[in-house]
Amino acid sequence: MIQVKNLSKEFKLSKQKRKEMGDEFKDVKIFKAVDNISFECSPGKIFGLIGPNGAGKTTTLRMIATMLKPTSGSISISGFDTMHNAQEVRKQIGFMTGQTALYDRLTPTEMVKYISDLHGIDHNTFEKRKNELFSSLDMTSFAERRIGQLSTGMKQKTSIVRTIIHDPPVMIFDEPTSGLDIMTSRAIMDLIRRCKEEGKTVIFSTHRMGEINQVCDDIAIIFGGKLFCNDPLEKFKAEMTKDNFEDEFIVRIEEA
Amino acid sequence: MKSLIIAKKEILDLTRDRRTLMFMFGFPLLFMPLFFIGGMSYVKQAQEKAVEKNLKIVIYGGEYAPEINKAFSDISDITILNDINKDSIENYIQEELIDAAIYIDKNYQIAISNNKQAQLQLQFKGTDSFGVTQERISRIIKNVEKEIIKNRAKDLQLDINILTAFNFKILNVASEKEIIGKSAGGYLPYFLILLGFMGALYPALDLGAGEKERGTLETLLSSPASRLDIVIGKVIVVTLSALASSLSAIIGIFLSFKANPQIPTQMISLFDDIINVTTILTVFSLIIPICVFFASILLAISIYAKSFKEAQTISAPFQFLIIIPVLLTLLPGTELNAYTALVPILNVSLATKEVIAGSITTFYMIEVFLSLFAYAGLSIMWCVYSFNQEGTIFRN
């Protein structure tokens with residue numbers, strides 16, 4: 001369960017940064033990346049956070065994963081507050097981004113063992129879970145090869161196992177398919193569905209509307225740090241004034 | 001505990017990287033023997049060459065001083081050339097076609113006969129190897145002069161000792177170990193500190209900026225490891241890498257001395273006396289906190305940088321900054337005192353020098369250790385602070 005209440009995040013902008021961001025931000029010293037948002041993600045459901053680049057998706061997910069501290073508001077993960085029980089929160093989550101963030105000089109087994117050890121999983125449990133995941137994803141043949149020598153697909157499979165080796169109840173996916181080919185993207189989407197089937201709480205950010213339609217139960221549109229829509233997907237679909245998701249999304253953003 | 005898991009993984013990761021292994025072991029182990037054996041043999045060869053070289057000289061006014069002319073003619077490896085115009089001699093010497101010119105005043109004989117000073121002049125190019133030309137020629141001239149003084153004393157019926165007022169004996173209370181320690185001992189910390197820094201540099205950049213660049217930092221930050229665990233784990237590995245590099249340098253120096261046939265046995269036994277287990281352990285105990293200091297500072301820089309390349313650029317001035325205090329150690333007059341014992345890097349260099357010379361006092365040793373631990377602690381705190389700064393860790 002993820003409960004986000006009145007969450008805000010501000011960043012101080014340096015002169016250099018203001019220059020890089022263009023004339024619009026010339027006099028903006030404090031940038032509000034997330035502005036007073038609230039939502040809930042329930043177990044066994046997939047919550048889609050949709051928004052264009054720079055809308056505040058990654059900042060929100062990083063705050064949920066305790067990497068960033070909120071300026072105000074609160075986040076609770078499985079009953080643990082991210083500000084006061086950050087370490088407990090991190091034990092509850094699996095975090096995955098679009099980049100295959102792995103160590104090239106380790107093997108998939110070593111990579112997964114490292115994360116497992118950091119989560120304090122005992123050796124027998126690790127072996128059992130690793131064997132299950134490696135065989136279900138058909139990874140046994142390359143389990144002892146260096147990650148640097150693996151194909152993108154093999155790396156992504158390793159990344160999947162790395163994310164779920166500790167069987168977290170909450171899964172955070174930050175644009176997990178960004179930059180990936182169709183086959184690899186499909187593997188990720190399968191993982192997201194599987195997490196839902198296992199009763200996990202899933203939050204999934206993307207700017208690909210098609211993916212939202214494929215897997216999400218609830219959706220929220222974020223733009224300029226503000227949340228504009230926070231509804232079940234079916235309600236969103238019923239209220240659509242346009243024929244497709246892309247057009248509807250643009251209309252909603254323009255209205256905002 | 002989590003920091004040890006991180007350290008274990010980083011060691012596994014780094015030891016699979018050829019570049020790191022090269023910096024940690026290969027470079028110091030190859031560089032030291034190359035520096036000592038190669039360098040010493042080059043110096044020896046150059047010196048021998050300069051000593052054995054056939055000198056070409058011109059003597060102007062040789063007819064006024066036949067004894068000088070004869071003294072040079074009698075030496076087989078000196079060739080006296082004639083017919084070189086005085087106006088062009090400087091060019092010949094500049095171009096190293098002629099090694100030296102000796103000018104003898106036309107009143108030479110009158111001065112010598114009247115017990116006066118005769119005027120002689122030596123012209124040479126002072127950039128030659130080790131000043132051997134000047135030394136060889138001056139020695140011959142001095143021998144002729146000694147003979148003249150002896151004859152003068154005899155003619156005046158004087159005891160030759162009248163010309164030397166003192167029988168000045170010099171007694172040095174410093175042991176050979178102390179002399180070597182205070183002079184050559186300054187070079188050991190030079191290598192240990194510089195190679196320690198170099199050993200820390202690449203792993204620090206890889207473990208901070210490298211992790212950011214590869215996108216693995218988020219994986220680590222979303223794990224239950226706290227920022228302190230992450231910093232401690234990484235500092236342990238970078239420190240070990242720096243120490244491995246320093247240790248390899250010591251082994252390199254040791255092997256260079258043992259395997260170099262050009263080093264006299266007496267020197268080797270003195271070396272064995274200086275480089276014993278206690279000295280190595282004491283020097284190493286000084287190197288450990290300075291390596292922690294390097295590791296923490298480099299990691300903090302590395303985590304601030306957006307990329308590996310930027311981390312390299314930011315850390316470049318630090319390479320010069322650490323050379324300055326190390327070089328100060330080599331200057332005469334820089335001694336370990338209550339103030340220098342507080343200056344990081346310089347205190348390690350000076351204390352190492354004193355340890356090798358066997359003249360370190362307990363007070364300064366404690367002061368150096370306390371200041372080193374304080375710097376190491378402060379640098380770790382700064383590194384942890386940097387890892388906790390959102391603007392640093394997610395700087396892009």
# chains A, B, ... in the order shown; residues from 1 in each chain; ligands from 1
>>> select_by_dssp(residues="segment 129-272 of chain B", states="alpha helix (DSSP H)", output="PyMOL selection string")
chain B and resi 132-155+176-183+187-205+211-214+217-221+227-259+265-272
>>> residues_around(residues="Glu96 of chain B", least_positions_apart="6", cutoff="10 Å", atoms="only C-alpha atoms", output="list in words")
Lys56, Glu90, Phe124, Lys125 and Asp128 of chain B
>>> write_last_selection(atoms="N, CA and C atoms", output="PDB file, in the first residue's frame")
ATOM      1  N   LYS B  56      89.127  17.195 -24.776  1.00  0.00           N
ATOM      2  CA  LYS B  56      89.863  17.985 -25.759  1.00  0.00           C
ATOM      3  C   LYS B  56      89.991  19.391 -25.193  1.00  0.00           C
ATOM      4  N   GLU B  90      85.086  30.214 -27.810  1.00  0.00           N
ATOM      5  CA  GLU B  90      83.829  30.139 -27.055  1.00  0.00           C
ATOM      6  C   GLU B  90      82.765  29.355 -27.833  1.00  0.00           C
ATOM      7  N   PHE B 124      84.873  26.685 -19.654  1.00  0.00           N
ATOM      8  CA  PHE B 124      84.239  25.404 -20.013  1.00  0.00           C
ATOM      9  C   PHE B 124      82.719  25.591 -20.028  1.00  0.00           C
ATOM     10  N   LYS B 125      82.014  24.562 -20.447  1.00  0.00           N
ATOM     11  CA  LYS B 125      80.549  24.641 -20.472  1.00  0.00           C
ATOM     12  C   LYS B 125      80.022  23.882 -19.250  1.00  0.00           C
ATOM     13  N   ASP B 128      77.868  20.229 -18.544  1.00  0.00           N
ATOM     14  CA  ASP B 128      78.294  18.842 -18.793  1.00  0.00           C
ATOM     15  C   ASP B 128      77.915  17.950 -17.614  1.00  0.00           C
TER      16      ASP B 128
END
>>> interface_residues(of="chain B", to="chain A", cutoff="12 Å", atoms="only C-alpha atoms", output="ChimeraX atom specification")
/B:1-18,206-207,210-230,233,387-396
>>> write_last_selection(atoms="C-alpha atoms", output="mmCIF file, in the first residue's frame")
data_model
loop_
_atom_site.group_PDB
_atom_site.id
_atom_site.type_symbol
_atom_site.label_atom_id
_atom_site.label_comp_id
_atom_site.auth_asym_id
_atom_site.auth_seq_id
_atom_site.Cartn_x
_atom_site.Cartn_y
_atom_site.Cartn_z
ATOM 1 C CA MET B 1 27.518 -5.095 8.251
ATOM 2 C CA LYS B 2 25.939 -3.657 5.102
ATOM 3 C CA SER B 3 29.075 -1.621 4.535
ATOM 4 C CA LEU B 4 31.057 -4.875 4.482
ATOM 5 C CA ILE B 5 28.650 -6.338 1.896
ATOM 6 C CA ILE B 6 29.181 -3.223 -0.209
ATOM 7 C CA ALA B 7 32.961 -3.389 0.310
ATOM 8 C CA LYS B 8 33.057 -7.089 -0.644
ATOM 9 C CA LYS B 9 31.130 -6.442 -3.857
ATOM 10 C CA GLU B 10 33.274 -3.410 -4.760
ATOM 11 C CA ILE B 11 36.476 -5.424 -4.236
ATOM 12 C CA LEU B 12 35.150 -8.199 -6.488
ATOM 13 C CA ASP B 13 34.126 -5.616 -9.084
ATOM 14 C CA LEU B 14 37.394 -3.648 -8.979
ATOM 15 C CA THR B 15 39.712 -6.651 -9.036
ATOM 16 C CA ARG B 16 38.094 -7.652 -12.323
ATOM 17 C CA ASP B 17 39.116 -4.363 -13.827
ATOM 18 C CA ARG B 18 42.527 -4.417 -15.490
ATOM 19 C CA ASP B 206 34.684 4.489 -10.508
ATOM 20 C CA LEU B 207 32.803 3.995 -7.221
ATOM 21 C CA GLY B 210 31.180 5.707 -12.404
ATOM 22 C CA GLU B 211 28.226 4.395 -10.434
ATOM 23 C CA LYS B 212 26.257 7.552 -11.245
ATOM 24 C CA GLU B 213 27.135 7.320 -14.931
ATOM 25 C CA ARG B 214 26.205 3.635 -15.210
ATOM 26 C CA GLY B 215 22.877 4.279 -13.463
ATOM 27 C CA THR B 216 23.581 1.762 -10.696
ATOM 28 C CA LEU B 217 23.523 4.391 -7.956
ATOM 29 C CA GLU B 218 19.716 4.405 -7.821
ATOM 30 C CA THR B 219 19.747 0.635 -7.319
ATOM 31 C CA LEU B 220 22.043 1.072 -4.346
ATOM 32 C CA LEU B 221 20.139 4.047 -2.942
ATOM 33 C CA SER B 222 16.839 2.140 -3.070
ATOM 34 C CA SER B 223 18.355 -0.774 -1.133
ATOM 35 C CA PRO B 224 18.160 -0.954 2.677
ATOM 36 C CA ALA B 225 21.808 0.214 2.915
ATOM 37 C CA SER B 226 21.989 3.634 4.546
ATOM 38 C CA ARG B 227 24.102 6.433 3.052
ATOM 39 C CA LEU B 228 26.581 5.897 5.886
ATOM 40 C CA ASP B 229 26.820 2.172 5.026
ATOM 41 C CA ILE B 230 27.419 3.078 1.382
ATOM 42 C CA GLY B 233 31.832 0.435 2.318
ATOM 43 C CA PHE B 387 26.228 11.522 -0.193
ATOM 44 C CA ASN B 388 23.305 12.942 1.783
ATOM 45 C CA GLN B 389 23.007 16.031 -0.401
ATOM 46 C CA GLU B 390 20.239 15.560 -2.966
ATOM 47 C CA GLY B 391 21.738 18.329 -5.106
ATOM 48 C CA THR B 392 25.009 16.421 -5.207
ATOM 49 C CA ILE B 393 23.812 12.884 -5.636
ATOM 50 C CA PHE B 394 21.243 13.741 -8.327
ATOM 51 C CA ARG B 395 23.237 16.600 -9.862
ATOM 52 C CA ASN B 396 22.680 16.664 -13.601
#
>>> residues_around(residues="segment 198-200 of chain A", least_positions_apart="2", cutoff="9 Å", atoms="only C-alpha atoms", output="count of residues only")
15
>>> closest_residue(among="A:Asp174, A:Asp181, A:Glu132, A:Asp243", to="Gln156 of chain A", atoms="only C-alpha atoms")
A:Asp181
>>> select_by_dssp(residues="segment 61-260 of chain B", states="strand (DSSP E)", output="list of chain:residue names")
B:Ile78, B:Thr79, B:Ile80, B:Leu81, B:Ala100, B:Ala101, B:Ile102, B:Tyr103, B:Ile104, B:Leu120, B:Gln121, B:Leu122, B:Gln123, B:Phe124
>>> write_last_selection(atoms="C-alpha atoms", output="mmCIF file, in the first residue's frame")
data_model
loop_
_atom_site.group_PDB
_atom_site.id
_atom_site.type_symbol
_atom_site.label_atom_id
_atom_site.label_comp_id
_atom_site.auth_asym_id
_atom_site.auth_seq_id
_atom_site.Cartn_x
_atom_site.Cartn_y
_atom_site.Cartn_z
ATOM 1 C CA ILE B 78 93.433 14.436 -22.461
ATOM 2 C CA THR B 79 94.215 15.787 -25.917
ATOM 3 C CA ILE B 80 95.720 19.232 -26.225
ATOM 4 C CA LEU B 81 94.691 20.993 -29.394
ATOM 5 C CA ALA B 100 87.714 23.475 -22.104
ATOM 6 C CA ALA B 101 90.243 26.231 -22.625
ATOM 7 C CA ILE B 102 92.958 27.204 -20.135
ATOM 8 C CA TYR B 103 94.381 30.716 -20.265
ATOM 9 C CA ILE B 104 97.851 31.285 -18.775
ATOM 10 C CA LEU B 120 95.065 31.243 -14.703
ATOM 11 C CA GLN B 121 91.632 30.953 -16.189
ATOM 12 C CA LEU B 122 89.500 27.960 -17.089
ATOM 13 C CA GLN B 123 86.709 28.271 -19.633
ATOM 14 C CA PHE B 124 84.239 25.404 -20.013
#
>>> residues_around(residues="Glu175 of chain A", least_positions_apart="2", cutoff="7 Å", atoms="only C-alpha atoms", output="list in words")
Thr97, Gly98, Phe173, Thr177, Ser178, Ser205 and Thr206 of chain A
>>> residues_around(residues="Thr140 of chain A", least_positions_apart="3", cutoff="12 Å", atoms="only C-alpha atoms", output="PDB file with N, CA and C atoms, in the first residue's frame")
ATOM      1  N   THR A 107      28.571 -11.182 -12.513  1.00  0.00           N
ATOM      2  CA  THR A 107      27.691 -12.103 -13.241  1.00  0.00           C
ATOM      3  C   THR A 107      26.266 -11.865 -12.729  1.00  0.00           C
ATOM      4  N   PRO A 108      25.227 -12.335 -13.454  1.00  0.00           N
ATOM      5  CA  PRO A 108      23.860 -12.160 -12.939  1.00  0.00           C
ATOM      6  C   PRO A 108      23.709 -12.749 -11.529  1.00  0.00           C
ATOM      7  N   THR A 109      24.323 -13.898 -11.273  1.00  0.00           N
ATOM      8  CA  THR A 109      24.215 -14.505  -9.940  1.00  0.00           C
ATOM      9  C   THR A 109      24.810 -13.575  -8.883  1.00  0.00           C
ATOM     10  N   LYS A 130      16.287 -17.497  -6.183  1.00  0.00           N
ATOM     11  CA  LYS A 130      17.096 -17.259  -7.392  1.00  0.00           C
ATOM     12  C   LYS A 130      16.826 -18.374  -8.414  1.00  0.00           C
ATOM     13  N   ASN A 131      16.855 -19.639  -7.939  1.00  0.00           N
ATOM     14  CA  ASN A 131      16.635 -20.759  -8.859  1.00  0.00           C
ATOM     15  C   ASN A 131      15.269 -20.668  -9.536  1.00  0.00           C
ATOM     16  N   GLU A 132      14.262 -20.311  -8.738  1.00  0.00           N
ATOM     17  CA  GLU A 132      12.895 -20.175  -9.276  1.00  0.00           C
ATOM     18  C   GLU A 132      12.856 -19.101 -10.378  1.00  0.00           C
ATOM     19  N   LEU A 133      13.410 -17.933 -10.019  1.00  0.00           N
ATOM     20  CA  LEU A 133      13.346 -16.800 -10.954  1.00  0.00           C
ATOM     21  C   LEU A 133      14.212 -17.044 -12.193  1.00  0.00           C
ATOM     22  N   PHE A 134      15.414 -17.587 -11.984  1.00  0.00           N
ATOM     23  CA  PHE A 134      16.311 -17.841 -13.115  1.00  0.00           C
ATOM     24  C   PHE A 134      15.692 -18.844 -14.078  1.00  0.00           C
ATOM     25  N   SER A 135      15.034 -19.903 -13.530  1.00  0.00           N
ATOM     26  CA  SER A 135      14.468 -20.879 -14.465  1.00  0.00           C
ATOM     27  C   SER A 135      13.203 -20.342 -15.124  1.00  0.00           C
ATOM     28  N   SER A 136      12.394 -19.571 -14.369  1.00  0.00           N
ATOM     29  CA  SER A 136      11.170 -19.044 -15.005  1.00  0.00           C
ATOM     30  C   SER A 136      11.504 -18.032 -16.098  1.00  0.00           C
ATOM     31  N   LEU A 137      12.635 -17.329 -15.967  1.00  0.00           N
ATOM     32  CA  LEU A 137      13.012 -16.343 -16.994  1.00  0.00           C
ATOM     33  C   LEU A 137      14.049 -16.903 -17.970  1.00  0.00           C
ATOM     34  N   ALA A 143      23.805 -17.376 -16.382  1.00  0.00           N
ATOM     35  CA  ALA A 143      23.850 -16.930 -14.979  1.00  0.00           C
ATOM     36  C   ALA A 143      25.267 -16.650 -14.485  1.00  0.00           C
ATOM     37  N   GLU A 144      26.266 -17.325 -15.065  1.00  0.00           N
ATOM     38  CA  GLU A 144      27.636 -17.147 -14.582  1.00  0.00           C
ATOM     39  C   GLU A 144      28.501 -16.356 -15.566  1.00  0.00           C
ATOM     40  N   ARG A 145      27.868 -15.751 -16.544  1.00  0.00           N
ATOM     41  CA  ARG A 145      28.641 -14.927 -17.494  1.00  0.00           C
ATOM     42  C   ARG A 145      28.655 -13.478 -17.027  1.00  0.00           C
ATOM     43  N   MET A 154      19.063 -10.108 -22.082  1.00  0.00           N
ATOM     44  CA  MET A 154      19.591 -10.863 -20.930  1.00  0.00           C
ATOM     45  C   MET A 154      19.812  -9.920 -19.741  1.00  0.00           C
ATOM     46  N   LYS A 157      16.541  -9.103 -18.118  1.00  0.00           N
ATOM     47  CA  LYS A 157      16.049 -10.207 -17.279  1.00  0.00           C
ATOM     48  C   LYS A 157      16.774 -10.164 -15.922  1.00  0.00           C
ATOM     49  N   THR A 158      18.080  -9.909 -15.995  1.00  0.00           N
ATOM     50  CA  THR A 158      18.867  -9.818 -14.756  1.00  0.00           C
ATOM     51  C   THR A 158      18.333  -8.666 -13.896  1.00  0.00           C
TER      52      THR A 158
END
>>> residues_around(residues="Val238 of chain B", least_positions_apart="2", cutoff="10 Å", atoms="only C-alpha atoms", output="PyMOL selection string")
chain B and resi 7+10-11+14+196-197+199-207+232-236+240-244+291-292+294-296+298-299
>>> write_last_selection(atoms="N, CA and C atoms", output="mmCIF file, in the first residue's frame")
data_model
loop_
_atom_site.group_PDB
_atom_site.id
_atom_site.type_symbol
_atom_site.label_atom_id
_atom_site.label_comp_id
_atom_site.auth_asym_id
_atom_site.auth_seq_id
_atom_site.Cartn_x
_atom_site.Cartn_y
_atom_site.Cartn_z
ATOM 1 N N ALA B 7 31.509 -3.324 0.516
ATOM 2 C CA ALA B 7 32.961 -3.389 0.310
ATOM 3 C C ALA B 7 33.344 -4.669 -0.431
ATOM 4 N N GLU B 10 32.412 -4.372 -4.049
ATOM 5 C CA GLU B 10 33.274 -3.410 -4.760
ATOM 6 C C GLU B 10 34.655 -4.012 -5.020
ATOM 7 N N ILE B 11 35.151 -4.793 -4.051
ATOM 8 C CA ILE B 11 36.476 -5.424 -4.236
ATOM 9 C C ILE B 11 36.402 -6.406 -5.409
ATOM 10 N N LEU B 14 36.157 -4.357 -8.612
ATOM 11 C CA LEU B 14 37.394 -3.648 -8.979
ATOM 12 C C LEU B 14 38.515 -4.594 -9.398
ATOM 13 N N GLY B 196 49.977 6.121 -3.259
ATOM 14 C CA GLY B 196 48.756 5.883 -2.489
ATOM 15 C C GLY B 196 47.609 6.696 -3.072
ATOM 16 N N PHE B 197 47.896 7.947 -3.393
ATOM 17 C CA PHE B 197 46.874 8.827 -3.979
ATOM 18 C C PHE B 197 46.441 8.280 -5.347
ATOM 19 N N GLY B 199 46.648 5.245 -6.341
ATOM 20 C CA GLY B 199 45.928 3.988 -6.123
ATOM 21 C C GLY B 199 44.485 4.239 -5.720
ATOM 22 N N ALA B 200 44.241 5.382 -5.062
ATOM 23 C CA ALA B 200 42.875 5.708 -4.617
ATOM 24 C C ALA B 200 42.076 6.367 -5.734
ATOM 25 N N LEU B 201 42.779 7.062 -6.610
ATOM 26 C CA LEU B 201 42.110 7.915 -7.602
ATOM 27 C C LEU B 201 41.117 7.159 -8.494
ATOM 28 N N TYR B 202 41.589 6.169 -9.215
ATOM 29 C CA TYR B 202 40.714 5.507 -10.182
ATOM 30 C C TYR B 202 39.528 4.796 -9.499
ATOM 31 N N PRO B 203 39.781 3.987 -8.444
ATOM 32 C CA PRO B 203 38.626 3.350 -7.783
ATOM 33 C C PRO B 203 37.634 4.368 -7.236
ATOM 34 N N ALA B 204 38.125 5.487 -6.692
ATOM 35 C CA ALA B 204 37.208 6.496 -6.146
ATOM 36 C C ALA B 204 36.316 7.053 -7.252
ATOM 37 N N LEU B 205 36.914 7.320 -8.401
ATOM 38 C CA LEU B 205 36.125 7.862 -9.514
ATOM 39 C C LEU B 205 35.111 6.819 -10.005
ATOM 40 N N ASP B 206 35.556 5.561 -10.023
ATOM 41 C CA ASP B 206 34.684 4.489 -10.508
ATOM 42 C C ASP B 206 33.526 4.247 -9.534
ATOM 43 N N LEU B 207 33.817 4.315 -8.234
ATOM 44 C CA LEU B 207 32.803 3.995 -7.221
ATOM 45 C C LEU B 207 31.821 5.131 -6.972
ATOM 46 N N ILE B 232 30.896 4.198 3.997
ATOM 47 C CA ILE B 232 31.917 3.411 4.712
ATOM 48 C C ILE B 232 32.404 2.259 3.824
ATOM 49 N N GLY B 233 31.457 1.556 3.200
ATOM 50 C CA GLY B 233 31.832 0.435 2.318
ATOM 51 C C GLY B 233 32.752 0.885 1.204
ATOM 52 N N LYS B 234 32.436 2.012 0.606
ATOM 53 C CA LYS B 234 33.224 2.505 -0.517
ATOM 54 C C LYS B 234 34.574 3.054 -0.036
ATOM 55 N N VAL B 235 34.557 3.766 1.106
ATOM 56 C CA VAL B 235 35.820 4.308 1.631
ATOM 57 C C VAL B 235 36.779 3.155 1.971
ATOM 58 N N ILE B 236 36.244 2.075 2.532
ATOM 59 C CA ILE B 236 37.089 0.913 2.870
ATOM 60 C C ILE B 236 37.812 0.428 1.610
ATOM 61 N N LEU B 240 41.739 0.606 0.793
ATOM 62 C CA LEU B 240 42.508 -0.629 0.565
ATOM 63 C C LEU B 240 43.275 -0.557 -0.750
ATOM 64 N N SER B 241 42.640 0.024 -1.738
ATOM 65 C CA SER B 241 43.294 0.153 -3.035
ATOM 66 C C SER B 241 44.515 1.072 -2.927
ATOM 67 N N ALA B 242 44.347 2.190 -2.182
ATOM 68 C CA ALA B 242 45.474 3.115 -1.986
ATOM 69 C C ALA B 242 46.595 2.421 -1.230
ATOM 70 N N LEU B 243 46.228 1.653 -0.200
ATOM 71 C CA LEU B 243 47.243 0.954 0.598
ATOM 72 C C LEU B 243 47.945 -0.118 -0.231
ATOM 73 N N ALA B 244 47.165 -0.811 -1.067
ATOM 74 C CA ALA B 244 47.761 -1.840 -1.930
ATOM 75 C C ALA B 244 48.790 -1.204 -2.845
ATOM 76 N N CYS B 291 45.525 7.630 3.676
ATOM 77 C CA CYS B 291 44.806 6.979 2.572
ATOM 78 C C CYS B 291 43.290 7.098 2.777
ATOM 79 N N VAL B 292 42.843 7.016 4.041
ATOM 80 C CA VAL B 292 41.410 7.209 4.332
ATOM 81 C C VAL B 292 41.018 8.638 3.936
ATOM 82 N N PHE B 294 42.498 10.578 1.662
ATOM 83 C CA PHE B 294 42.438 10.648 0.187
ATOM 84 C C PHE B 294 41.153 10.003 -0.330
ATOM 85 N N ALA B 295 40.855 8.801 0.203
ATOM 86 C CA ALA B 295 39.696 8.037 -0.273
ATOM 87 C C ALA B 295 38.414 8.844 -0.082
ATOM 88 N N SER B 296 38.247 9.446 1.103
ATOM 89 C CA SER B 296 37.009 10.175 1.393
ATOM 90 C C SER B 296 36.882 11.425 0.538
ATOM 91 N N LEU B 298 38.360 12.069 -2.369
ATOM 92 C CA LEU B 298 38.164 11.706 -3.785
ATOM 93 C C LEU B 298 36.753 11.180 -4.033
ATOM 94 N N LEU B 299 36.236 10.413 -3.071
ATOM 95 C CA LEU B 299 34.863 9.896 -3.227
ATOM 96 C C LEU B 299 33.843 11.030 -3.205
#
>>> atom_distance(atom1="atom CA of Glu239 of chain A", atom2="atom CA of Lys226 of chain A")
20.1 Å
>>> residues_around(residues="Asn151 of chain B", least_positions_apart="5", cutoff="12 Å", atoms="only C-alpha atoms", output="list in words")
Ile112, Ser113, Asn115, Val144, Glu145, Lys146, Leu156, Gln157, Leu158, Asp159 and Ile160 of chain B
>>> write_last_selection(atoms="C-alpha atoms", output="PDB file, in the first residue's frame")
ATOM      1  CA  ILE B 112     105.814  32.204  -9.759  1.00  0.00           C
ATOM      2  CA  SER B 113     109.497  33.178  -9.431  1.00  0.00           C
ATOM      3  CA  ASN B 115     106.359  33.969  -4.966  1.00  0.00           C
ATOM      4  CA  VAL B 144     100.943  21.493 -10.206  1.00  0.00           C
ATOM      5  CA  GLU B 145     100.137  24.169  -7.628  1.00  0.00           C
ATOM      6  CA  LYS B 146     100.943  21.787  -4.745  1.00  0.00           C
ATOM      7  CA  LEU B 156     112.136  29.655   2.150  1.00  0.00           C
ATOM      8  CA  GLN B 157     113.043  26.858   4.554  1.00  0.00           C
ATOM      9  CA  LEU B 158     109.498  26.749   5.863  1.00  0.00           C
ATOM     10  CA  ASP B 159     107.674  23.770   7.259  1.00  0.00           C
ATOM     11  CA  ILE B 160     104.894  22.956   4.771  1.00  0.00           C
TER      12      ILE B 160
END
